[in-house]
Amino acid sequence: MTRPARGGYLATPTARLLLPAGAPAEDWHAARATGVGGSDVAAILGMDTHGGALRVWLEKTGQARPDRDARLARSARRGHRLEGLVAEFFAEETGLTVLDSPGTLQHIDHPHWIANPDRLVAVPGRDELGVLECKSRTWRSARVENWSGEQAPDAPAIQAHWYLTVSGYRFAYLAGLIDDDLMWFRLERDDELCALLADAVDRFWHNHVLPGIPPNPDGNAATTELLARLWDAREEATAEVDPVATMLLKQRRRELREEIAERDHELTEVENQLRANAGAAEVATIGGRVAYTWRQNGQFAAARFREAQPQLAAEYTRLVPAVDTERLAQEHPETYRKYRARVLRVPSEG
């Protein structure tokens, strides 16, 4: 720590230490609720597949439901426990000095800007520090997040750059353990990007969190799931909605469904032409190199198989455990209803 700043001593060029590393979990969650952190920024910008701005708003306003998705919770625990291993591999491969995180940082002029860097990095021979963000991914999730190529994947890069925005450091490293392979990228501070992130966070905080006004839901699939789990649906309850807003939304929905149907027809037409060009061959080539494939390796048509070859199908049919949903609905209707999905249906205006 260097010189005095409002509310404490500077732990980095532009941030003070809000909470030291190793603090109790309840203190960490309380500190996190006071501002916007790195993972929150990616969600606010619609770059987090696990949820968008609405999820962050619910968390910051204390309205998030406690029943978190078990798979996501397990993934978070896995990532946290592997941070040290990723940092160790990174230090071995790069020769850089990796330091423990100081804890939760808070910007001295904008207290709602917070950061929890995984580690810090010291470059030998240079009197400066940077941020190290450690990630662990399976190859499947790495493909979704685009951990390939010359540039760092967008969402983790945004998170690292938010840490630069808060801390005032000039560079960051992003290291990812993809199954058994280590990938890493160096990110130089982009002041223009920092300003854009700061503006997005300020608008979210001042326009939504402080006044308690929820942001509009985005098109993220996780937001759809969140909305389905946000309230305990009251059977046959009605809600009076704004007629003009509803009319505009229904009209836009109708236009989009028509556009999707048209595009889907065009897509099928193009794919059918590819199929026709391949004919009986499973592999189509150009100059000896594979252009595309049309293999017979898709989903097995069990119903058609049972109908065409009932005796052989009976020989290979086995019983598997299954929930008797009909009996559950009769004997425990409230429990049955609790685990049913909520379905949006818009009546035809034919």
# chains A, B, ... in the order shown; residues from 1 in each chain; ligands from 1
>>> residues_around(residues="segment 83-99 of chain A", least_positions_apart="3", cutoff="8 Å", atoms="only C-alpha atoms", output="VMD selection string")
chain A and resid 79 to 80 118 to 124 132 134 to 136 175 to 177 182 184
>>> write_last_selection(atoms="all heavy atoms", output="compact mmCIF listing (two decimals), in the first residue's frame")
# COMPACT_ATOMS: atom_id res chain seq x y z
N GLY A 79 -14.03 -24.19 -10.35
CA GLY A 79 -13.17 -23.12 -10.85
C GLY A 79 -12.36 -22.48 -9.74
O GLY A 79 -11.17 -22.17 -9.92
N HIS A 80 -12.99 -22.27 -8.58
CA HIS A 80 -12.30 -21.64 -7.46
C HIS A 80 -11.15 -22.52 -6.97
O HIS A 80 -10.05 -22.03 -6.68
CB HIS A 80 -13.28 -21.36 -6.34
CG HIS A 80 -12.67 -20.71 -5.14
ND1 HIS A 80 -12.22 -19.41 -5.16
CD2 HIS A 80 -12.41 -21.18 -3.89
CE1 HIS A 80 -11.71 -19.10 -3.98
NE2 HIS A 80 -11.80 -20.16 -3.20
N ASP A 118 -8.07 -12.70 -9.37
CA ASP A 118 -7.63 -14.00 -8.86
C ASP A 118 -6.20 -13.93 -8.31
O ASP A 118 -5.90 -14.46 -7.24
CB ASP A 118 -7.69 -15.05 -9.97
CG ASP A 118 -9.12 -15.33 -10.41
OD1 ASP A 118 -10.03 -15.15 -9.59
OD2 ASP A 118 -9.31 -15.71 -11.58
N ARG A 119 -5.32 -13.30 -9.07
CA ARG A 119 -3.92 -13.17 -8.67
C ARG A 119 -3.38 -11.86 -9.26
O ARG A 119 -4.02 -11.23 -10.10
CB ARG A 119 -3.06 -14.34 -9.19
CG ARG A 119 -3.46 -15.71 -8.69
CD ARG A 119 -3.13 -15.91 -7.23
NE ARG A 119 -3.27 -17.30 -6.82
CZ ARG A 119 -4.43 -17.89 -6.49
NH1 ARG A 119 -5.57 -17.21 -6.57
NH2 ARG A 119 -4.45 -19.16 -6.10
N LEU A 120 -2.18 -11.47 -8.83
CA LEU A 120 -1.44 -10.37 -9.44
C LEU A 120 -0.17 -10.94 -10.06
O LEU A 120 0.29 -12.02 -9.67
CB LEU A 120 -1.10 -9.30 -8.41
CG LEU A 120 -2.28 -8.62 -7.70
CD1 LEU A 120 -1.78 -7.55 -6.74
CD2 LEU A 120 -3.26 -8.03 -8.70
N VAL A 121 0.37 -10.22 -11.03
CA VAL A 121 1.57 -10.65 -11.74
C VAL A 121 2.63 -9.56 -11.64
O VAL A 121 2.33 -8.38 -11.85
CB VAL A 121 1.27 -10.94 -13.23
CG1 VAL A 121 2.54 -11.30 -13.97
CG2 VAL A 121 0.26 -12.07 -13.35
N ALA A 122 3.86 -9.95 -11.32
CA ALA A 122 5.00 -9.04 -11.31
C ALA A 122 5.95 -9.42 -12.43
O ALA A 122 6.31 -10.60 -12.57
CB ALA A 122 5.72 -9.09 -9.96
N VAL A 123 6.32 -8.44 -13.25
CA VAL A 123 7.25 -8.70 -14.35
C VAL A 123 8.67 -8.45 -13.86
O VAL A 123 8.98 -7.35 -13.38
CB VAL A 123 6.94 -7.77 -15.55
CG1 VAL A 123 7.92 -8.03 -16.69
CG2 VAL A 123 5.50 -8.00 -16.02
N PRO A 124 9.56 -9.44 -13.95
CA PRO A 124 10.94 -9.26 -13.48
C PRO A 124 11.62 -8.06 -14.14
O PRO A 124 11.51 -7.86 -15.35
CB PRO A 124 11.62 -10.58 -13.88
CG PRO A 124 10.51 -11.57 -13.97
CD PRO A 124 9.32 -10.79 -14.47
N LEU A 132 -3.83 -11.14 -12.97
CA LEU A 132 -3.90 -12.48 -13.57
C LEU A 132 -5.28 -13.05 -13.29
O LEU A 132 -5.67 -13.21 -12.14
CB LEU A 132 -2.82 -13.40 -13.00
CG LEU A 132 -2.92 -14.88 -13.42
CD1 LEU A 132 -2.78 -15.02 -14.93
CD2 LEU A 132 -1.88 -15.72 -12.69
N CYS A 134 -7.59 -16.33 -13.73
CA CYS A 134 -7.42 -17.78 -13.93
C CYS A 134 -8.77 -18.43 -14.21
O CYS A 134 -9.72 -18.26 -13.45
CB CYS A 134 -6.80 -18.41 -12.69
SG CYS A 134 -5.20 -17.71 -12.22
N LYS A 135 -8.83 -19.21 -15.30
CA LYS A 135 -10.05 -19.91 -15.67
C LYS A 135 -9.74 -21.38 -15.89
O LYS A 135 -8.63 -21.75 -16.28
CB LYS A 135 -10.64 -19.32 -16.96
CG LYS A 135 -11.01 -17.84 -16.88
CD LYS A 135 -12.14 -17.59 -15.91
CE LYS A 135 -12.57 -16.13 -15.94
NZ LYS A 135 -13.62 -15.86 -14.92
N SER A 136 -10.74 -22.22 -15.67
CA SER A 136 -10.64 -23.64 -16.02
C SER A 136 -11.88 -24.01 -16.81
O SER A 136 -12.99 -23.65 -16.43
CB SER A 136 -10.52 -24.50 -14.76
OG SER A 136 -11.62 -24.30 -13.89
N ALA A 175 -5.30 -16.59 -18.14
CA ALA A 175 -4.81 -17.96 -18.28
C ALA A 175 -5.97 -18.93 -18.15
O ALA A 175 -6.80 -18.80 -17.25
CB ALA A 175 -3.75 -18.26 -17.22
N GLY A 176 -6.03 -19.89 -19.06
CA GLY A 176 -7.11 -20.86 -19.03
C GLY A 176 -6.58 -22.29 -19.10
O GLY A 176 -5.78 -22.61 -19.99
N LEU A 177 -7.01 -23.12 -18.17
CA LEU A 177 -6.67 -24.54 -18.20
C LEU A 177 -7.81 -25.26 -18.90
O LEU A 177 -8.89 -25.43 -18.34
CB LEU A 177 -6.48 -25.07 -16.78
CG LEU A 177 -6.00 -26.52 -16.65
CD1 LEU A 177 -4.62 -26.70 -17.28
CD2 LEU A 177 -5.98 -26.95 -15.19
N LEU A 182 -2.84 -25.64 -21.14
CA LEU A 182 -2.84 -24.27 -20.63
C LEU A 182 -2.75 -23.29 -21.80
O LEU A 182 -1.87 -23.41 -22.65
CB LEU A 182 -1.67 -24.04 -19.68
CG LEU A 182 -1.60 -22.62 -19.07
CD1 LEU A 182 -2.70 -22.46 -18.03
CD2 LEU A 182 -0.24 -22.36 -18.45
N TRP A 184 -2.81 -18.98 -22.54
CA TRP A 184 -2.76 -17.70 -21.85
C TRP A 184 -2.58 -16.56 -22.85
O TRP A 184 -2.05 -16.75 -23.94
CB TRP A 184 -1.67 -17.67 -20.78
CG TRP A 184 -0.27 -17.98 -21.25
CD1 TRP A 184 0.31 -19.21 -21.32
CD2 TRP A 184 0.71 -17.04 -21.71
NE1 TRP A 184 1.59 -19.10 -21.80
CE2 TRP A 184 1.88 -17.78 -22.03
CE3 TRP A 184 0.73 -15.66 -21.87
CZ2 TRP A 184 3.02 -17.18 -22.51
CZ3 TRP A 184 1.87 -15.05 -22.34
CH2 TRP A 184 3.01 -15.81 -22.66
>>> select_by_dssp(residues="segment 88-242 of chain A", states="helix (DSSP H, G or I)", output="number ranges by chain")
A: 88-94, 139-145, 154-167, 191-209, 221-230
>>> closest_residue(among="A:Asn216, A:Gly149, A:Thr335, A:Gly103", to="Phe204 of chain A", atoms="only C-alpha atoms")
A:Asn216
>>> select_by_dssp(residues="segment 204-325 of chain A", states="strand (DSSP E or B)", output="list in words")
Val283, Ala284, Thr285, Ile286, Arg289, Val290, Ala291, Tyr292 and Thr293 of chain A
